[in-house]
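Data block below; observations after.
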Amino acid sequence: MKKVVIDCDPGIDDALALALAAGSPTLDVVGVTTVGGNVDLSLTTANALALREFLQMGDVPVTPGSAGALLRQTVRAAHVHGATGLGDVVLPAPERGPSEGHAVDFIIETLRAAPGEITLVAVGPLTNIALAVRREPRVVEWARDLVIMGGSYTRGNTNPAAEFNILADPEAAAIVFEAGWTVKMLGLDVTLSALVTSAVLDRMRPLGRLAELLVPAAQFYGVVTADGGPAIHDACAVAYVLEPSLFTCVPAVVNVETTGTYTRGMTVTDFRLRDRRPNALVATSLDVKRFWDLVMERYERLAGRLG
């Protein structure tokens, strides 16, 4: 059983990542923390609460965190995820509210209580993680691992240089990459191959109540065809925790550009280590067939529970 805290900004692909976690019996989600990102914090938290109940995640605490970036103007992606963050998906209103306190304190105290046991899975802007590192540097030692969906060594999606999660708070990302751990970076280079094609969508349609989330989410997110479709970026980070062998990862030194006129938010990735210690393992390829076999097996398992 692998213990994780999922730091997220739901968000369509965050929802699909949470569904993958909820359907995985080998994963123990000990907490969900939220951050402003795809949409405002009030919406990402409301979505996380609704997803916790819809996905029958039990008493997993949902703790809200940072509303905006450390230093710069807020960046949002409602044009991608819809005004609420979940596109055309309408979930029942949650009966329970968020946990008291702040996500940063939750992360610190949860890792302090179980050093070496819990992996942080961050699939939104890295503001909460950066603040936790600044407030208590020992979280770097206490975390079993840090897996992020973010960045790229080849391209951006919000602009030619930068991926959204990093661009939303480059200063936070710089703090995280410089903190002294080895960041497992699942960037656009691999997540853009995790596409919902029409064949994948056909596998989602029979999944009962779960299909009410998966199908409209995937279709809102992008055009689904036989050859391509929207990428479920954030699910790749959860899949990495479940089965790292799905990915080819290469040690690298990653620096985050915080001042460039055209390159702010870029993850500048150098695979030429020479005598330097890598601060990241950067995913460079994904076994797409095995990825979807894993994801759909877990979705099917979850669908059987939801009815």
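The way I read the labels, and the way they are meant: chains A, B, ... in the order of the structure tokens, residue 1 as the first residue of every chain, and ligand 1 as the first ligand shown, with later ones counted on from there.
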
TODO: Output as a ChimeraX atom specification all residues of range 103-294 of chain A that backbone DSSP marks as helix (DSSP H, G or I).
DONE: /A:103-113,127-135,139-142,164-167,170-177,188-191,198-204,208-221,235-242,244-246,288-294

TODO: Considering only C-alpha atoms, return as a VMD selection string whatever protein or nucleic-acid residues lie within 12 Å of Pro216 in chain A, sequence-local ones (same chain, fewer than 3 positions apart) excluded.
DONE: chain A and resid 12 to 13 15 to 16 81 to 82 86 to 91 196 201 204 to 205 209 to 213 219 to 224 230

Shell around range 45-51 of chain A at 7 Å using only C-alpha atoms, local window under 6 positions removed, as a short mmCIF file (atom, residue, chain, number, x, y, z; two decimals) with N, CA and C atoms, in the first residue's frame:
data_model
loop_
_atom_site.label_atom_id
_atom_site.label_comp_id
_atom_site.auth_asym_id
_atom_site.auth_seq_id
_atom_site.Cartn_x
_atom_site.Cartn_y
_atom_site.Cartn_z
N PRO A 10 -8.59 20.91 -9.20
CA PRO A 10 -9.60 20.34 -10.12
C PRO A 10 -10.46 21.40 -10.78
N THR A 34 -5.84 21.49 -1.91
CA THR A 34 -6.23 22.22 -3.10
C THR A 34 -5.47 23.53 -3.20
N VAL A 62 -10.02 16.91 2.86
CA VAL A 62 -9.78 17.86 1.78
C VAL A 62 -9.49 19.20 2.44
N PRO A 64 -8.10 23.13 1.94
CA PRO A 64 -7.77 24.18 0.99
C PRO A 64 -6.44 24.85 1.32
N LEU A 91 -21.83 17.39 -10.75
CA LEU A 91 -21.82 16.41 -9.66
C LEU A 91 -22.78 16.84 -8.56
N PRO A 92 -23.30 15.89 -7.79
CA PRO A 92 -24.12 16.28 -6.64
C PRO A 92 -23.35 17.18 -5.68
N ALA A 93 -24.03 18.12 -5.08
CA ALA A 93 -23.39 19.01 -4.12
C ALA A 93 -22.88 18.19 -2.94
N PRO A 94 -21.67 18.44 -2.48
CA PRO A 94 -21.12 17.66 -1.36
C PRO A 94 -21.87 17.95 -0.07
N GLY A 97 -18.03 19.59 4.26
CA GLY A 97 -17.15 20.68 3.87
C GLY A 97 -15.69 20.31 4.01
N PRO A 98 -14.81 21.27 3.77
CA PRO A 98 -13.37 21.01 3.87
C PRO A 98 -12.91 20.91 5.31
#

Open item on the list: Here is a test: counting only C-alpha atoms, which residue of A:Asp28, A:Asp234, A:Asp189, A:Glu136 is nearest to Met149 in chain A?
Closed with: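 That would be A:Asp234, the residue with the smallest distance to Met149 in chain A.
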
Task: Exercise: Ala237 in chain A partners within 8 Å, only C-alpha atoms, chain neighbours under 5 positions left out, as a ChimeraX atom specification - done: /A:17,121-123,147-149,186

TODO: Name the residues of range 69-283 of chain A that come out as strand (DSSP E or B) in a backbone DSSP run; write them as an NGL selection string.
DONE: :A and (118-122 or 145-149 or 183-186 or 195 or 231 or 247-256 or 267-270 or 280-283)

Counting only C-alpha atoms, give me one row per residue of range 103-183 of chain A with an atom at most 12 Å from an atom of range 241-262 of chain A, showing the shortest contact pair and its distance in Å to one decimal, sorted by chain then residue number, as JSON lines.
{"residue": "A:Ile118", "atom": "CA", "partner": "A:Val241", "partner_atom": "CA", "distance": 11.0}
{"residue": "A:Thr119", "atom": "CA", "partner": "A:Val241", "partner_atom": "CA", "distance": 8.2}
{"residue": "A:Leu120", "atom": "CA", "partner": "A:Val241", "partner_atom": "CA", "distance": 9.8}
{"residue": "A:Val121", "atom": "CA", "partner": "A:Val241", "partner_atom": "CA", "distance": 8.4}
{"residue": "A:Ala122", "atom": "CA", "partner": "A:Val241", "partner_atom": "CA", "distance": 11.6}
{"residue": "A:Arg144", "atom": "CA", "partner": "A:Val241", "partner_atom": "CA", "distance": 11.1}
{"residue": "A:Asp145", "atom": "CA", "partner": "A:Val241", "partner_atom": "CA", "distance": 9.3}
{"residue": "A:Leu146", "atom": "CA", "partner": "A:Val241", "partner_atom": "CA", "distance": 9.7}
{"residue": "A:Val147", "atom": "CA", "partner": "A:Val241", "partner_atom": "CA", "distance": 7.7}
{"residue": "A:Ile148", "atom": "CA", "partner": "A:Val241", "partner_atom": "CA", "distance": 10.4}
{"residue": "A:Met149", "atom": "CA", "partner": "A:Val241", "partner_atom": "CA", "distance": 11.8}
{"residue": "A:Gly150", "atom": "CA", "partner": "A:Val256", "partner_atom": "CA", "distance": 11.3}
{"residue": "A:Gly151", "atom": "CA", "partner": "A:Val256", "partner_atom": "CA", "distance": 9.0}
{"residue": "A:Ser152", "atom": "CA", "partner": "A:Val254", "partner_atom": "CA", "distance": 9.9}
{"residue": "A:Tyr153", "atom": "CA", "partner": "A:Val254", "partner_atom": "CA", "distance": 8.9}
{"residue": "A:Gly156", "atom": "CA", "partner": "A:Tyr262", "partner_atom": "CA", "distance": 11.3}
{"residue": "A:Thr158", "atom": "CA", "partner": "A:Tyr262", "partner_atom": "CA", "distance": 11.6}
{"residue": "A:Asn159", "atom": "CA", "partner": "A:Tyr262", "partner_atom": "CA", "distance": 8.5}
{"residue": "A:Pro160", "atom": "CA", "partner": "A:Tyr262", "partner_atom": "CA", "distance": 8.4}
{"residue": "A:Ala161", "atom": "CA", "partner": "A:Tyr262", "partner_atom": "CA", "distance": 7.4}
{"residue": "A:Ala162", "atom": "CA", "partner": "A:Tyr262", "partner_atom": "CA", "distance": 9.1}
{"residue": "A:Glu163", "atom": "CA", "partner": "A:Val256", "partner_atom": "CA", "distance": 11.2}
{"residue": "A:Asn165", "atom": "CA", "partner": "A:Val256", "partner_atom": "CA", "distance": 11.9}
{"residue": "A:Ile166", "atom": "CA", "partner": "A:Val256", "partner_atom": "CA", "distance": 8.2}
{"residue": "A:Leu167", "atom": "CA", "partner": "A:Thr258", "partner_atom": "CA", "distance": 8.8}
{"residue": "A:Ala168", "atom": "CA", "partner": "A:Thr258", "partner_atom": "CA", "distance": 10.9}
{"residue": "A:Asp169", "atom": "CA", "partner": "A:Thr258", "partner_atom": "CA", "distance": 8.9}
{"residue": "A:Pro170", "atom": "CA", "partner": "A:Thr258", "partner_atom": "CA", "distance": 5.6}
{"residue": "A:Glu171", "atom": "CA", "partner": "A:Thr258", "partner_atom": "CA", "distance": 6.2}
{"residue": "A:Ala172", "atom": "CA", "partner": "A:Val256", "partner_atom": "CA", "distance": 9.4}
{"residue": "A:Ala173", "atom": "CA", "partner": "A:Val256", "partner_atom": "CA", "distance": 6.7}
{"residue": "A:Ala174", "atom": "CA", "partner": "A:Val256", "partner_atom": "CA", "distance": 5.2}
{"residue": "A:Ile175", "atom": "CA", "partner": "A:Val256", "partner_atom": "CA", "distance": 8.9}
{"residue": "A:Val176", "atom": "CA", "partner": "A:Val256", "partner_atom": "CA", "distance": 9.7}
{"residue": "A:Phe177", "atom": "CA", "partner": "A:Val254", "partner_atom": "CA", "distance": 7.0}
{"residue": "A:Glu178", "atom": "CA", "partner": "A:Asn255", "partner_atom": "CA", "distance": 7.9}
{"residue": "A:Ala179", "atom": "CA", "partner": "A:Asn255", "partner_atom": "CA", "distance": 11.6}
{"residue": "A:Gly180", "atom": "CA", "partner": "A:Val253", "partner_atom": "CA", "distance": 11.6}
{"residue": "A:Trp181", "atom": "CA", "partner": "A:Val253", "partner_atom": "CA", "distance": 11.6}
{"residue": "A:Thr182", "atom": "CA", "partner": "A:Pro251", "partner_atom": "CA", "distance": 8.9}
{"residue": "A:Val183", "atom": "CA", "partner": "A:Val254", "partner_atom": "CA", "distance": 9.2}

Using only C-alpha atoms, which residues sit within 9 Å of Leu286 in chain A once same-chain residues fewer than 2 positions away are excluded, as a short mmCIF file (atom, residue, chain, number, x, y, z; two decimals) with C-alpha atoms, in the first residue's frame?
data_model
loop_
_atom_site.label_atom_id
_atom_site.label_comp_id
_atom_site.auth_asym_id
_atom_site.auth_seq_id
_atom_site.Cartn_x
_atom_site.Cartn_y
_atom_site.Cartn_z
CA VAL A 190 4.89 12.26 -22.00
CA THR A 191 1.45 13.48 -20.93
CA SER A 193 0.78 10.93 -25.48
CA ALA A 194 -1.86 9.90 -22.89
CA SER A 245 7.91 1.19 -15.22
CA LEU A 246 5.30 2.71 -17.54
CA PHE A 247 7.68 5.64 -17.99
CA THR A 248 11.22 6.06 -19.19
CA ALA A 283 9.97 11.40 -18.00
CA THR A 284 10.84 11.10 -21.68
CA VAL A 288 0.75 4.19 -23.91
CA LYS A 289 -0.91 0.77 -24.23
CA ARG A 290 0.11 -0.34 -20.75
CA PHE A 291 -0.88 3.07 -19.38
#
